[in-house]
Amino acid sequence: MTLKVRRTYYILGGRVWLLDSAKKKGLSKKLSRKWIGPFTVVEVRSENNCLIKPDNKGKKQLVHANRLK
């Protein structure tokens, strides 16, 4: 086990931000927004996966915890 690993636990109903890894055409990577949201945690599937839903009534998405903050 690596001692430098920092675990983050998400709770139901918690508010999170999602890392947007998609590159937008015509926008500089440096000037584009890296985090989108806020989202609400609907379900915690495992230690690493969460089901999130945007606050503006969008679709639910299953994302890895590495993409959340």
# chains A, B, ... in the order shown; residues from 1 in each chain; ligands from 1

$ residues_around --residues "Tyr10 (chain A)" --least-positions-apart "5" --cutoff "9 Å" --atoms "only C-alpha atoms" --output "PyMOL selection string"
chain A and resi 15-16+41+44+47+50+65

$ residues_around --residues "Leu62 (chain A)" --least-positions-apart "6" --cutoff "12 Å" --atoms "only C-alpha atoms" --output "ChimeraX atom specification"
/A:18,39-46,48-54,68

$ write_last_selection --atoms "N, CA and C atoms" --output "mmCIF file, in the first residue's frame"
data_model
loop_
_atom_site.group_PDB
_atom_site.id
_atom_site.type_symbol
_atom_site.label_atom_id
_atom_site.label_comp_id
_atom_site.auth_asym_id
_atom_site.auth_seq_id
_atom_site.Cartn_x
_atom_site.Cartn_y
_atom_site.Cartn_z
ATOM 1 N N LEU A 18 -16.699 18.706 -11.682
ATOM 2 C CA LEU A 18 -16.226 17.664 -12.593
ATOM 3 C C LEU A 18 -15.131 18.215 -13.491
ATOM 4 N N PHE A 39 -22.259 19.766 -9.466
ATOM 5 C CA PHE A 39 -23.051 18.554 -9.606
ATOM 6 C C PHE A 39 -23.411 18.057 -8.215
ATOM 7 N N THR A 40 -24.451 17.228 -8.137
ATOM 8 C CA THR A 40 -24.859 16.615 -6.883
ATOM 9 C C THR A 40 -24.600 15.122 -6.963
ATOM 10 N N VAL A 41 -24.013 14.554 -5.911
ATOM 11 C CA VAL A 41 -23.759 13.115 -5.857
ATOM 12 C C VAL A 41 -25.082 12.414 -5.574
ATOM 13 N N VAL A 42 -25.506 11.561 -6.516
ATOM 14 C CA VAL A 42 -26.775 10.845 -6.393
ATOM 15 C C VAL A 42 -26.564 9.469 -5.773
ATOM 16 N N GLU A 43 -25.451 8.820 -6.130
ATOM 17 C CA GLU A 43 -25.181 7.470 -5.641
ATOM 18 C C GLU A 43 -23.674 7.242 -5.641
ATOM 19 N N VAL A 44 -23.189 6.574 -4.612
ATOM 20 C CA VAL A 44 -21.782 6.180 -4.560
ATOM 21 C C VAL A 44 -21.746 4.693 -4.875
ATOM 22 N N ARG A 45 -21.276 4.343 -6.076
ATOM 23 C CA ARG A 45 -21.295 2.953 -6.531
ATOM 24 C C ARG A 45 -20.195 2.122 -5.891
ATOM 25 N N SER A 46 -19.030 2.692 -5.757
ATOM 26 C CA SER A 46 -17.906 1.998 -5.132
ATOM 27 C C SER A 46 -16.991 3.057 -4.547
ATOM 28 N N ASN A 48 -14.429 4.149 -5.868
ATOM 29 C CA ASN A 48 -13.866 4.972 -6.935
ATOM 30 C C ASN A 48 -14.887 5.570 -7.892
ATOM 31 N N ASN A 49 -16.132 5.158 -7.863
ATOM 32 C CA ASN A 49 -17.126 5.612 -8.836
ATOM 33 C C ASN A 49 -18.324 6.255 -8.156
ATOM 34 N N CYS A 50 -18.774 7.367 -8.730
ATOM 35 C CA CYS A 50 -19.947 8.075 -8.216
ATOM 36 C C CYS A 50 -20.896 8.377 -9.366
ATOM 37 N N LEU A 51 -22.173 8.322 -9.091
ATOM 38 C CA LEU A 51 -23.196 8.735 -10.043
ATOM 39 C C LEU A 51 -23.563 10.167 -9.672
ATOM 40 N N ILE A 52 -23.370 11.083 -10.625
ATOM 41 C CA ILE A 52 -23.626 12.497 -10.356
ATOM 42 C C ILE A 52 -24.682 13.031 -11.310
ATOM 43 N N LYS A 53 -25.336 14.115 -10.891
ATOM 44 C CA LYS A 53 -26.381 14.749 -11.695
ATOM 45 C C LYS A 53 -26.174 16.255 -11.624
ATOM 46 N N PRO A 54 -26.213 16.932 -12.782
ATOM 47 C CA PRO A 54 -26.061 18.394 -12.750
ATOM 48 C C PRO A 54 -27.244 19.059 -12.052
ATOM 49 N N LEU A 68 -13.351 14.196 -9.923
ATOM 50 C CA LEU A 68 -14.202 15.009 -9.048
ATOM 51 C C LEU A 68 -13.369 15.809 -8.060
#

$ atom_distance --atom1 "CA of Lys69 (chain A)" --atom2 "CA of Tyr9 (chain A)"
10.4 Å

$ select_by_dssp --residues "chain A" --states "strand (DSSP E)" --output "ChimeraX atom specification"
/A:15-19,35-44,49-54,61-64

$ write_last_selection --atoms "N, CA and C atoms" --output "compact mmCIF listing (two decimals), in the first residue's frame"
# COMPACT_ATOMS: atom_id res chain seq x y z
N ARG A 15 -22.05 18.26 -2.96
CA ARG A 15 -21.83 19.04 -4.18
C ARG A 15 -20.39 18.86 -4.62
N VAL A 16 -20.19 18.59 -5.91
CA VAL A 16 -18.86 18.36 -6.47
C VAL A 16 -18.70 19.09 -7.79
N TRP A 17 -17.46 19.23 -8.24
CA TRP A 17 -17.12 19.79 -9.54
C TRP A 17 -16.49 18.68 -10.37
N LEU A 18 -16.70 18.71 -11.68
CA LEU A 18 -16.23 17.66 -12.59
C LEU A 18 -15.13 18.21 -13.49
N LEU A 19 -14.03 17.47 -13.61
CA LEU A 19 -12.93 17.85 -14.49
C LEU A 19 -13.35 17.62 -15.93
N TRP A 35 -12.82 22.94 -14.81
CA TRP A 35 -13.82 22.33 -13.94
C TRP A 35 -15.21 22.85 -14.31
N ILE A 36 -16.17 21.94 -14.41
CA ILE A 36 -17.55 22.32 -14.70
C ILE A 36 -18.43 21.86 -13.55
N GLY A 37 -19.56 22.51 -13.40
CA GLY A 37 -20.46 22.11 -12.33
C GLY A 37 -21.15 23.31 -11.74
N PRO A 38 -21.74 23.17 -10.62
CA PRO A 38 -21.65 22.07 -9.66
C PRO A 38 -22.60 20.92 -10.00
N PHE A 39 -22.26 19.77 -9.47
CA PHE A 39 -23.05 18.55 -9.61
C PHE A 39 -23.41 18.06 -8.21
N THR A 40 -24.45 17.23 -8.14
CA THR A 40 -24.86 16.61 -6.88
C THR A 40 -24.60 15.12 -6.96
N VAL A 41 -24.01 14.55 -5.91
CA VAL A 41 -23.76 13.11 -5.86
C VAL A 41 -25.08 12.41 -5.57
N VAL A 42 -25.51 11.56 -6.52
CA VAL A 42 -26.77 10.84 -6.39
C VAL A 42 -26.56 9.47 -5.77
N GLU A 43 -25.45 8.82 -6.13
CA GLU A 43 -25.18 7.47 -5.64
C GLU A 43 -23.67 7.24 -5.64
N VAL A 44 -23.19 6.57 -4.61
CA VAL A 44 -21.78 6.18 -4.56
C VAL A 44 -21.75 4.69 -4.87
N ASN A 49 -16.13 5.16 -7.86
CA ASN A 49 -17.13 5.61 -8.84
C ASN A 49 -18.32 6.25 -8.16
N CYS A 50 -18.77 7.37 -8.73
CA CYS A 50 -19.95 8.07 -8.22
C CYS A 50 -20.90 8.38 -9.37
N LEU A 51 -22.17 8.32 -9.09
CA LEU A 51 -23.20 8.74 -10.04
C LEU A 51 -23.56 10.17 -9.67
N ILE A 52 -23.37 11.08 -10.63
CA ILE A 52 -23.63 12.50 -10.36
C ILE A 52 -24.68 13.03 -11.31
N LYS A 53 -25.34 14.12 -10.89
CA LYS A 53 -26.38 14.75 -11.69
C LYS A 53 -26.17 16.25 -11.62
N PRO A 54 -26.21 16.93 -12.78
CA PRO A 54 -26.06 18.39 -12.75
C PRO A 54 -27.24 19.06 -12.05
N GLN A 61 -24.54 10.93 -14.76
CA GLN A 61 -23.34 10.35 -15.34
C GLN A 61 -22.58 9.58 -14.27
N LEU A 62 -22.00 8.47 -14.67
CA LEU A 62 -21.14 7.70 -13.79
C LEU A 62 -19.70 8.12 -14.06
N VAL A 63 -19.01 8.63 -13.05
CA VAL A 63 -17.65 9.14 -13.24
C VAL A 63 -16.73 8.57 -12.17
N HIS A 64 -15.45 8.52 -12.51
CA HIS A 64 -14.43 8.07 -11.58
C HIS A 64 -14.11 9.20 -10.61

$ atom_distance --atom1 "CA of Arg6 (chain A)" --atom2 "CA of Ala22 (chain A)"
25.5 Å

$ atom_distance --atom1 "CA of Leu12 (chain A)" --atom2 "CA of Arg33 (chain A)"
25.8 Å
